Amino acid sequence: MAVTEVPAKPVGTARQGLGQTSRRDAWWVAPGVQATVFTICATYLFVSGILWTPIFGTAYEVDGYLSPLFSPLITPDWLPSWISPGLLILWIPLGFRATCFYYRKAYYRFYFADPPGCAVGEPKVHRWYRMETALPFILQNVHRYFLYLAFIPLFFLWVDAAIGLRDHEGHLRFGLGGALLFVNAALLTGYSLSCHSLRHLLGGRLDCFSCTARARARHTAWRAATWFNVKHMEWAWASLISVTATDLYIRLLALGVIGDPAIRL
Amino acid sequence: MPEAQLRVFRGSPGSSGRLVDYDVPVEEGMVVLDALHWVQAHLAPDLAVRWNCKAAKCGSCGAEVNGRPRLTCKTRLSDFAEGEPITVEPMRAFPLVKDLVVDVSWNYEVNRRIPPFQPPPDRPQETWRWQQEDIERVQEFRKCIECFLCQDVCHVLRNHETERPFMGPRFLVRAAGLEMHPMDTADRTSHLKDEGGIGFCNITKCCTEVCPEHIKITDNAIIPLKERVADRYYDPIQIAWRKLRGRGSETGPAADDGNAP
């Protein structure tokens, strides 16, 4: 099949320079709010998951509740005390979110201003723009591998939520901490099931959905993934906030700052 | 009768152009294109405006209204606050011809280079059968009216000079419509990656935001195509699996399990 290269596009008349635009609406509000929430959550999670325990020694596990940042809890003997056990786990959700198609849209806008908004000028006009065709951003293509790995801590989050139904004496209790662990596991499940890569792998890569019984089954799975995928942005933000809130709650419980309202049986 | 204050770009190639104010009497139901026609008829007969159907189906009247790419025939004056100036500028990603008219011929050159629909040679057209679930996905892409608003707002085309040319969202939509067609056997993966430059897209979804046909360009066309390119070039497990099975390509109806390459 003879295919020739796409010709270079002739230059238009778009205004250049950061923030240059004719838009009159408050286009900066959404990326501004997103940048603020994302930065607060990411900074908190980094400090809590990586720095806090080695420096201050505060517990991440209290009365049957385990912080989601440390699940599954891996504390091998060879792990020095100045390295947080969270480090052994957190690289998975970090990689999953960093390469996520939704978060890419968000942080390309609010961190890289590439672009800061639709039809809004950027800080630099690249003469040799490469983006995801070259390092480092070509590595975004490994997203599906982080998806596979993300199901491991996700499984343990459900296990931890079930374990959290019993206190340290083995009594059944329905506490706010346990509810947070379940909600957090549910939101992270929604986020994982709404992943664009999962949607593709389940059935998006098929051209024919009706050709075989297997293809029909995959079409059913693809439709389910599509149902979740439509709200991928919402799952992404809700689960990020829930992880942050759940860890903060357990840290405050461990520090004795708050108590855990619970019905004990 | 209330009046709308239109600020319309006037200019030609080589000149910097300027915004000219026109006061237009507003009637109920008027759209921006109506106001431009009123200006043409009463105040500036030399104003250049491209339009055709005035029904949001031909895609000719795209412009930037208050900085946002829109069809002027689908943008009501009542959407704007009374007394607020309404700025109408040409699509900024393309070379200017005159006033609100731009040269979009580059798009047709890009279109010509996409490998065309290729049905299986051993299946006469009268024998083709497929189910609704097979065709509904590509039907979304056939809604495109080629207004090129998505090309206009795409920051890669609008703001940058790429290492290699980039085909833009409109043609990724077209390629998706062909690639996902159950009766197509052509393989466009290498074209998308190399000649089309799909990797330049950083999925900021502006194309989806401006599409007047509400096609989910990013989620349903571009990301699935990026994933197909990842299958082929960036996923070592799938590359090894294909080599083990000895199947380099398995697209369209020829594939026994419906898989794309």
# chains A, B, ... in the order shown; residues from 1 in each chain; ligands from 1

call {"tool": "residues_around", "arguments": {"residues": "Cys147 of chain B", "least_positions_apart": "4", "cutoff": "7 Å", "atoms": "only C-alpha atoms", "output": "ChimeraX atom specification"}}
result
/B:59-60,62

call {"tool": "select_by_dssp", "arguments": {"residues": "segment 86-237 of chain B", "states": "alpha helix (DSSP H)", "output": "number ranges by chain"}}
result
B: 105-112, 132-141, 149-153, 155-159, 169-179, 189-190, 206-210, 223-233, 236-237

call {"tool": "closest_atom_pairs", "arguments": {"of": "chain A", "to": "chain B", "cutoff": "7 Å", "atoms": "only C-alpha atoms", "output": "Markdown table"}}
result
| residue | atom | partner | partner_atom | distance |
| --- | --- | --- | --- | --- |
| A:Val3 | CA | B:Arg113 | CA | 5.8 |
| A:Thr4 | CA | B:Arg113 | CA | 6.1 |
| A:Glu5 | CA | B:Glu195 | CA | 5.0 |
| A:Val6 | CA | B:Val110 | CA | 5.5 |
| A:Pro7 | CA | B:Pro165 | CA | 6.2 |
| A:Ala8 | CA | B:Pro165 | CA | 5.0 |
| A:Lys9 | CA | B:Trp106 | CA | 6.4 |
| A:Pro10 | CA | B:Pro95 | CA | 6.5 |
| A:Val11 | CA | B:Pro95 | CA | 6.0 |
| A:Gly12 | CA | B:Phe94 | CA | 4.1 |
| A:Thr13 | CA | B:Arg92 | CA | 4.9 |
| A:Ala14 | CA | B:Arg92 | CA | 4.6 |
| A:Thr21 | CA | B:Gly67 | CA | 6.4 |
| A:Ser22 | CA | B:Gly67 | CA | 4.1 |
| A:Arg23 | CA | B:Gly67 | CA | 4.1 |
| A:Arg24 | CA | B:Asn66 | CA | 6.2 |
| A:Lys105 | CA | B:Thr204 | CA | 4.4 |
| A:Pro115 | CA | B:His155 | CA | 6.5 |
| A:Cys118 | CA | B:Cys206 | CA | 5.4 |
| A:Ala119 | CA | B:Val153 | CA | 5.5 |
| A:Val125 | CA | B:His160 | CA | 5.4 |
| A:His126 | CA | B:His160 | CA | 5.1 |
| A:Arg127 | CA | B:Glu161 | CA | 4.6 |
| A:Trp128 | CA | B:Glu163 | CA | 4.7 |
| A:Tyr129 | CA | B:Thr162 | CA | 4.3 |
| A:Arg130 | CA | B:Glu163 | CA | 6.0 |
| A:Met131 | CA | B:Phe200 | CA | 5.3 |
| A:Glu132 | CA | B:Gly199 | CA | 4.7 |
| A:Thr133 | CA | B:Gly199 | CA | 4.7 |
| A:Asn141 | CA | B:Ala230 | CA | 6.1 |
| A:Ser197 | CA | B:Glu227 | CA | 6.9 |
| A:His200 | CA | B:Pro224 | CA | 6.4 |
| A:Gly204 | CA | B:Pro224 | CA | 6.8 |
| A:Arg205 | CA | B:Ala260 | CA | 5.3 |
| A:Leu206 | CA | B:Asn259 | CA | 4.3 |
| A:Asp207 | CA | B:Met180 | CA | 4.8 |
| A:Cys208 | CA | B:Gly258 | CA | 4.7 |
| A:Phe209 | CA | B:Asp134 | CA | 5.4 |
| A:Ser210 | CA | B:Gln131 | CA | 6.5 |
| A:Cys211 | CA | B:Gly258 | CA | 6.3 |
| A:Thr212 | CA | B:Asp257 | CA | 6.2 |
| A:Ala215 | CA | B:Asp257 | CA | 6.2 |

call {"tool": "write_last_selection", "arguments": {"atoms": "C-alpha atoms", "output": "CSV table (one decimal), in the first residue's frame"}}
result
chain,number,residue,atom,x,y,z
A,3,VAL,CA,1.4,5.8,1.6
A,4,THR,CA,3.3,9.1,1.6
A,5,GLU,CA,4.2,11.2,4.6
A,6,VAL,CA,1.7,13.7,5.9
A,7,PRO,CA,2.8,17.2,4.7
A,8,ALA,CA,3.8,19.8,7.3
A,9,LYS,CA,0.9,22.1,8.3
A,10,PRO,CA,1.2,25.7,7.1
A,11,VAL,CA,1.6,28.2,10.0
A,12,GLY,CA,-1.5,29.9,11.2
A,13,THR,CA,-2.1,33.1,13.1
A,14,ALA,CA,-2.6,31.9,16.7
A,21,THR,CA,-6.0,34.1,24.2
A,22,SER,CA,-9.2,35.8,23.2
A,23,ARG,CA,-11.1,33.7,25.6
A,24,ARG,CA,-13.1,35.7,28.1
A,105,LYS,CA,-4.4,15.5,30.5
A,115,PRO,CA,-1.4,23.8,26.8
A,118,CYS,CA,-7.9,25.1,25.1
A,119,ALA,CA,-7.0,27.8,22.6
A,125,VAL,CA,6.7,27.6,20.8
A,126,HIS,CA,8.6,24.3,20.2
A,127,ARG,CA,10.3,24.1,16.9
A,128,TRP,CA,11.1,20.4,17.4
A,129,TYR,CA,8.1,19.2,19.4
A,130,ARG,CA,8.3,15.5,20.2
A,131,MET,CA,6.0,14.9,23.3
A,132,GLU,CA,5.1,11.2,23.6
A,133,THR,CA,7.2,10.1,20.6
A,141,ASN,CA,3.1,3.6,27.0
A,197,SER,CA,-6.0,0.5,29.0
A,200,HIS,CA,-8.7,-1.7,25.4
A,204,GLY,CA,-11.3,-2.4,22.5
A,205,ARG,CA,-8.6,-4.0,20.4
A,206,LEU,CA,-11.2,-6.2,18.6
A,207,ASP,CA,-12.5,-5.1,15.3
A,208,CYS,CA,-15.3,-7.6,15.3
A,209,PHE,CA,-17.4,-8.1,18.4
A,210,SER,CA,-19.8,-10.7,17.0
A,211,CYS,CA,-17.4,-13.0,15.1
A,212,THR,CA,-16.9,-15.6,17.9
A,215,ALA,CA,-15.4,-12.0,21.0

call {"tool": "select_by_dssp", "arguments": {"residues": "segment 4-209 of chain B", "states": "strand (DSSP E or B)", "output": "PyMOL selection string"}}
result
chain B and resi 4-10+18-25+31+62-65+68-71+76+86-89+96-98+101-102+162

call {"tool": "residues_around", "arguments": {"residues": "segment 60-75 of chain A", "least_positions_apart": "5", "cutoff": "9 Å", "atoms": "only C-alpha atoms", "output": "short mmCIF file (atom, residue, chain, number, x, y, z; two decimals) with C-alpha atoms, in the first residue's frame"}}
result
data_model
loop_
_atom_site.label_atom_id
_atom_site.label_comp_id
_atom_site.auth_asym_id
_atom_site.auth_seq_id
_atom_site.Cartn_x
_atom_site.Cartn_y
_atom_site.Cartn_z
CA LEU A 45 0.92 11.21 50.38
CA SER A 48 3.10 10.32 54.90
CA GLY A 49 4.08 7.30 52.83
CA THR A 53 7.49 6.95 59.45
CA SER A 84 9.54 3.43 54.88
CA PRO A 85 7.76 0.14 54.06
CA GLY A 86 5.46 2.30 51.94
CA LEU A 87 8.28 2.71 49.47
CA LEU A 88 7.96 -0.97 48.53
CA ILE A 89 4.35 -0.44 47.48
CA LEU A 90 3.81 3.18 46.54
CA ILE A 152 -2.17 -6.51 43.67
CA PRO A 153 -2.45 -3.74 46.29
CA LEU A 154 -6.11 -3.34 45.35
CA PHE A 155 -6.80 -6.93 46.39
CA PHE A 156 -5.05 -6.35 49.72
CA LEU A 157 -7.02 -3.15 50.31
CA ASP A 160 -7.54 -4.90 54.96
CA ALA A 161 -11.04 -3.46 54.91
CA ILE A 163 -9.76 -7.20 58.68
CA GLY A 164 -10.72 -3.71 59.88
CA LEU A 165 -14.13 -5.09 60.88
CA ARG A 166 -12.48 -6.54 63.98
CA ASP A 167 -10.61 -4.57 66.61
CA HIS A 168 -7.32 -5.67 68.21
CA GLU A 169 -9.22 -7.88 70.68
CA GLY A 170 -11.04 -9.67 67.89
CA GLY A 177 -12.25 3.84 60.01
CA GLY A 178 -13.61 0.61 58.61
CA LEU A 181 -11.33 1.60 54.24
CA ASN A 184 -11.49 3.78 49.63
CA ALA A 185 -11.21 0.23 48.27
CA VAL A 243 -6.67 7.59 49.87
CA THR A 244 -5.48 10.87 51.36
CA THR A 246 -8.15 7.46 54.89
CA ASP A 247 -4.44 7.70 55.61
CA LEU A 248 -4.91 10.98 57.47
CA TYR A 249 -7.70 9.45 59.58
CA ILE A 250 -5.58 6.45 60.59
CA ARG A 251 -2.57 8.67 61.32
CA LEU A 253 -6.12 7.79 65.27
CA ALA A 254 -2.58 6.48 65.86
#

call {"tool": "closest_residue", "arguments": {"among": "A:Thr189, A:Thr99, A:Ser81, A:Thr220", "to": "Trp235 of chain A", "atoms": "only C-alpha atoms"}}
result
A:Thr189

call {"tool": "atom_distance", "arguments": {"atom1": "atom CA of Ala186 of chain A", "atom2": "atom CA of Gly95 of chain A"}}
result
19.9 Å

call {"tool": "residues_around", "arguments": {"residues": "segment 38-41 of chain A", "least_positions_apart": "6", "cutoff": "12 Å", "atoms": "only C-alpha atoms", "output": "PyMOL selection string"}}
result
chain A and resi 30-32+47-49+97-98+103+106-107+110-111+236-248

call {"tool": "atom_distance", "arguments": {"atom1": "atom CA of Leu172 of chain A", "atom2": "atom CA of Val159 of chain A"}}
result
15.3 Å

call {"tool": "closest_residue", "arguments": {"among": "B:Arg242, B:Arg129, B:Arg10, B:Lys74", "to": "Lys57 of chain B", "atoms": "only C-alpha atoms"}}
result
B:Lys74

call {"tool": "atom_distance", "arguments": {"atom1": "atom CA of Gln5 of chain B", "atom2": "atom CA of Cys211 of chain B"}}
result
26.0 Å

call {"tool": "closest_residue", "arguments": {"among": "B:Gly246, B:Gly177, B:Gly29, B:Pro124", "to": "Thr75 of chain B", "atoms": "only C-alpha atoms"}}
result
B:Gly29

call {"tool": "decode", "arguments": {"residues": "segment 28-138 of chain A", "atoms": "C-alpha atoms", "output": "PDB file, in the first residue's frame"}}
result
ATOM      1  CA  TRP A  28      -7.815  29.078  34.429  1.00  0.00           C
ATOM      2  CA  VAL A  29     -10.200  28.098  37.253  1.00  0.00           C
ATOM      3  CA  ALA A  30     -10.411  24.350  36.501  1.00  0.00           C
ATOM      4  CA  PRO A  31      -6.652  23.775  36.090  1.00  0.00           C
ATOM      5  CA  GLY A  32      -6.003  26.044  39.063  1.00  0.00           C
ATOM      6  CA  VAL A  33      -8.308  24.082  41.364  1.00  0.00           C
ATOM      7  CA  GLN A  34      -7.029  20.769  40.032  1.00  0.00           C
ATOM      8  CA  ALA A  35      -3.402  21.809  40.512  1.00  0.00           C
ATOM      9  CA  THR A  36      -4.109  22.872  44.090  1.00  0.00           C
ATOM     10  CA  VAL A  37      -5.948  19.687  45.078  1.00  0.00           C
ATOM     11  CA  PHE A  38      -3.489  17.444  43.268  1.00  0.00           C
ATOM     12  CA  THR A  39      -0.433  19.145  44.777  1.00  0.00           C
ATOM     13  CA  ILE A  40      -1.850  19.030  48.303  1.00  0.00           C
ATOM     14  CA  CYS A  41      -2.784  15.328  47.999  1.00  0.00           C
ATOM     15  CA  ALA A  42       0.464  14.296  46.279  1.00  0.00           C
ATOM     16  CA  THR A  43       2.635  16.180  48.780  1.00  0.00           C
ATOM     17  CA  TYR A  44       0.733  14.767  51.745  1.00  0.00           C
ATOM     18  CA  LEU A  45       0.923  11.209  50.379  1.00  0.00           C
ATOM     19  CA  PHE A  46       4.655  11.533  49.709  1.00  0.00           C
ATOM     20  CA  VAL A  47       5.359  12.856  53.194  1.00  0.00           C
ATOM     21  CA  SER A  48       3.102  10.318  54.900  1.00  0.00           C
ATOM     22  CA  GLY A  49       4.084   7.302  52.827  1.00  0.00           C
ATOM     23  CA  ILE A  50       7.808   7.910  52.454  1.00  0.00           C
ATOM     24  CA  LEU A  51       9.130  10.429  55.000  1.00  0.00           C
ATOM     25  CA  TRP A  52       6.926  10.459  58.086  1.00  0.00           C
ATOM     26  CA  THR A  53       7.488   6.953  59.454  1.00  0.00           C
ATOM     27  CA  PRO A  54      11.318   6.906  59.237  1.00  0.00           C
ATOM     28  CA  ILE A  55      11.605  10.393  60.755  1.00  0.00           C
ATOM     29  CA  PHE A  56       8.879  10.438  63.395  1.00  0.00           C
ATOM     30  CA  GLY A  57       8.105   6.761  63.806  1.00  0.00           C
ATOM     31  CA  THR A  58       4.365   7.330  63.948  1.00  0.00           C
ATOM     32  CA  ALA A  59       2.324   4.171  63.455  1.00  0.00           C
ATOM     33  CA  TYR A  60       0.500   3.578  60.192  1.00  0.00           C
ATOM     34  CA  GLU A  61      -1.457   0.711  61.739  1.00  0.00           C
ATOM     35  CA  VAL A  62      -3.776   1.096  64.688  1.00  0.00           C
ATOM     36  CA  ASP A  63      -6.424  -1.113  66.269  1.00  0.00           C
ATOM     37  CA  GLY A  64      -6.879  -3.323  63.223  1.00  0.00           C
ATOM     38  CA  TYR A  65      -6.768  -0.475  60.704  1.00  0.00           C
ATOM     39  CA  LEU A  66      -3.874  -0.332  58.231  1.00  0.00           C
ATOM     40  CA  SER A  67      -3.180   2.800  56.181  1.00  0.00           C
ATOM     41  CA  PRO A  68      -3.797   2.162  52.466  1.00  0.00           C
ATOM     42  CA  LEU A  69      -0.339   3.567  51.715  1.00  0.00           C
ATOM     43  CA  PHE A  70       1.272   0.535  53.356  1.00  0.00           C
ATOM     44  CA  SER A  71      -0.973  -2.212  52.028  1.00  0.00           C
ATOM     45  CA  PRO A  72       0.096  -4.976  51.644  1.00  0.00           C
ATOM     46  CA  LEU A  73       2.395  -4.441  54.605  1.00  0.00           C
ATOM     47  CA  ILE A  74       5.870  -5.711  53.754  1.00  0.00           C
ATOM     48  CA  THR A  75       8.497  -5.322  56.472  1.00  0.00           C
ATOM     49  CA  PRO A  76      11.403  -7.631  55.658  1.00  0.00           C
ATOM     50  CA  ASP A  77      14.270  -7.903  58.127  1.00  0.00           C
ATOM     51  CA  TRP A  78      16.716  -6.405  55.660  1.00  0.00           C
ATOM     52  CA  LEU A  79      14.719  -3.187  55.336  1.00  0.00           C
ATOM     53  CA  PRO A  80      16.640  -0.407  57.136  1.00  0.00           C
ATOM     54  CA  SER A  81      14.636   1.622  59.631  1.00  0.00           C
ATOM     55  CA  TRP A  82      15.236   4.792  57.635  1.00  0.00           C
ATOM     56  CA  ILE A  83      13.320   3.390  54.665  1.00  0.00           C
ATOM     57  CA  SER A  84       9.545   3.430  54.882  1.00  0.00           C
ATOM     58  CA  PRO A  85       7.760   0.144  54.061  1.00  0.00           C
ATOM     59  CA  GLY A  86       5.462   2.297  51.945  1.00  0.00           C
ATOM     60  CA  LEU A  87       8.283   2.707  49.469  1.00  0.00           C
ATOM     61  CA  LEU A  88       7.965  -0.970  48.530  1.00  0.00           C
ATOM     62  CA  ILE A  89       4.352  -0.442  47.478  1.00  0.00           C
ATOM     63  CA  LEU A  90       3.813   3.177  46.544  1.00  0.00           C
ATOM     64  CA  TRP A  91       5.751   3.019  43.280  1.00  0.00           C
ATOM     65  CA  ILE A  92       2.886   0.968  41.836  1.00  0.00           C
ATOM     66  CA  PRO A  93       0.035   3.471  42.366  1.00  0.00           C
ATOM     67  CA  LEU A  94       2.458   6.310  41.615  1.00  0.00           C
ATOM     68  CA  GLY A  95       3.328   4.795  38.232  1.00  0.00           C
ATOM     69  CA  PHE A  96      -0.318   3.916  37.564  1.00  0.00           C
ATOM     70  CA  ARG A  97      -1.477   7.480  38.168  1.00  0.00           C
ATOM     71  CA  ALA A  98       1.495   9.169  36.518  1.00  0.00           C
ATOM     72  CA  THR A  99       0.846   7.320  33.252  1.00  0.00           C
ATOM     73  CA  CYS A 100      -2.965   7.458  33.513  1.00  0.00           C
ATOM     74  CA  PHE A 101      -4.643   8.978  30.447  1.00  0.00           C
ATOM     75  CA  TYR A 102      -6.765  11.260  32.605  1.00  0.00           C
ATOM     76  CA  TYR A 103      -3.977  12.507  34.859  1.00  0.00           C
ATOM     77  CA  ARG A 104      -1.798  13.099  31.797  1.00  0.00           C
ATOM     78  CA  LYS A 105      -4.418  15.499  30.477  1.00  0.00           C
ATOM     79  CA  ALA A 106      -4.600  17.207  33.850  1.00  0.00           C
ATOM     80  CA  TYR A 107      -0.928  17.614  34.613  1.00  0.00           C
ATOM     81  CA  TYR A 108       0.114  18.433  31.060  1.00  0.00           C
ATOM     82  CA  ARG A 109      -2.234  21.369  31.479  1.00  0.00           C
ATOM     83  CA  PHE A 110      -1.563  22.554  35.012  1.00  0.00           C
ATOM     84  CA  TYR A 111       2.114  21.654  35.462  1.00  0.00           C
ATOM     85  CA  PHE A 112       3.486  21.866  31.930  1.00  0.00           C
ATOM     86  CA  ALA A 113       1.091  24.479  30.482  1.00  0.00           C
ATOM     87  CA  ASP A 114       1.115  22.282  27.383  1.00  0.00           C
ATOM     88  CA  PRO A 115      -1.409  23.834  26.826  1.00  0.00           C
ATOM     89  CA  PRO A 116      -2.655  25.704  29.932  1.00  0.00           C
ATOM     90  CA  GLY A 117      -6.157  25.709  28.404  1.00  0.00           C
ATOM     91  CA  CYS A 118      -7.869  25.108  25.088  1.00  0.00           C
ATOM     92  CA  ALA A 119      -6.979  27.841  22.563  1.00  0.00           C
ATOM     93  CA  VAL A 120      -4.674  29.438  25.133  1.00  0.00           C
ATOM     94  CA  GLY A 121      -1.047  30.286  24.359  1.00  0.00           C
ATOM     95  CA  GLU A 122       1.830  28.301  25.803  1.00  0.00           C
ATOM     96  CA  PRO A 123       5.081  29.536  27.351  1.00  0.00           C
ATOM     97  CA  LYS A 124       7.203  28.270  24.503  1.00  0.00           C
ATOM     98  CA  VAL A 125       6.720  27.575  20.815  1.00  0.00           C
ATOM     99  CA  HIS A 126       8.586  24.339  20.192  1.00  0.00           C
ATOM    100  CA  ARG A 127      10.339  24.075  16.864  1.00  0.00           C
ATOM    101  CA  TRP A 128      11.065  20.395  17.396  1.00  0.00           C
ATOM    102  CA  TYR A 129       8.061  19.210  19.409  1.00  0.00           C
ATOM    103  CA  ARG A 130       8.286  15.491  20.238  1.00  0.00           C
ATOM    104  CA  MET A 131       6.021  14.874  23.252  1.00  0.00           C
ATOM    105  CA  GLU A 132       5.118  11.178  23.554  1.00  0.00           C
ATOM    106  CA  THR A 133       7.206  10.125  20.563  1.00  0.00           C
ATOM    107  CA  ALA A 134      10.480  10.302  22.507  1.00  0.00           C
ATOM    108  CA  LEU A 135      11.931   9.949  25.999  1.00  0.00           C
ATOM    109  CA  PRO A 136      10.824  10.579  28.659  1.00  0.00           C
ATOM    110  CA  PHE A 137       7.133  10.773  27.732  1.00  0.00           C
ATOM    111  CA  ILE A 138       7.234   7.776  25.402  1.00  0.00           C
TER     112      ILE A 138
END
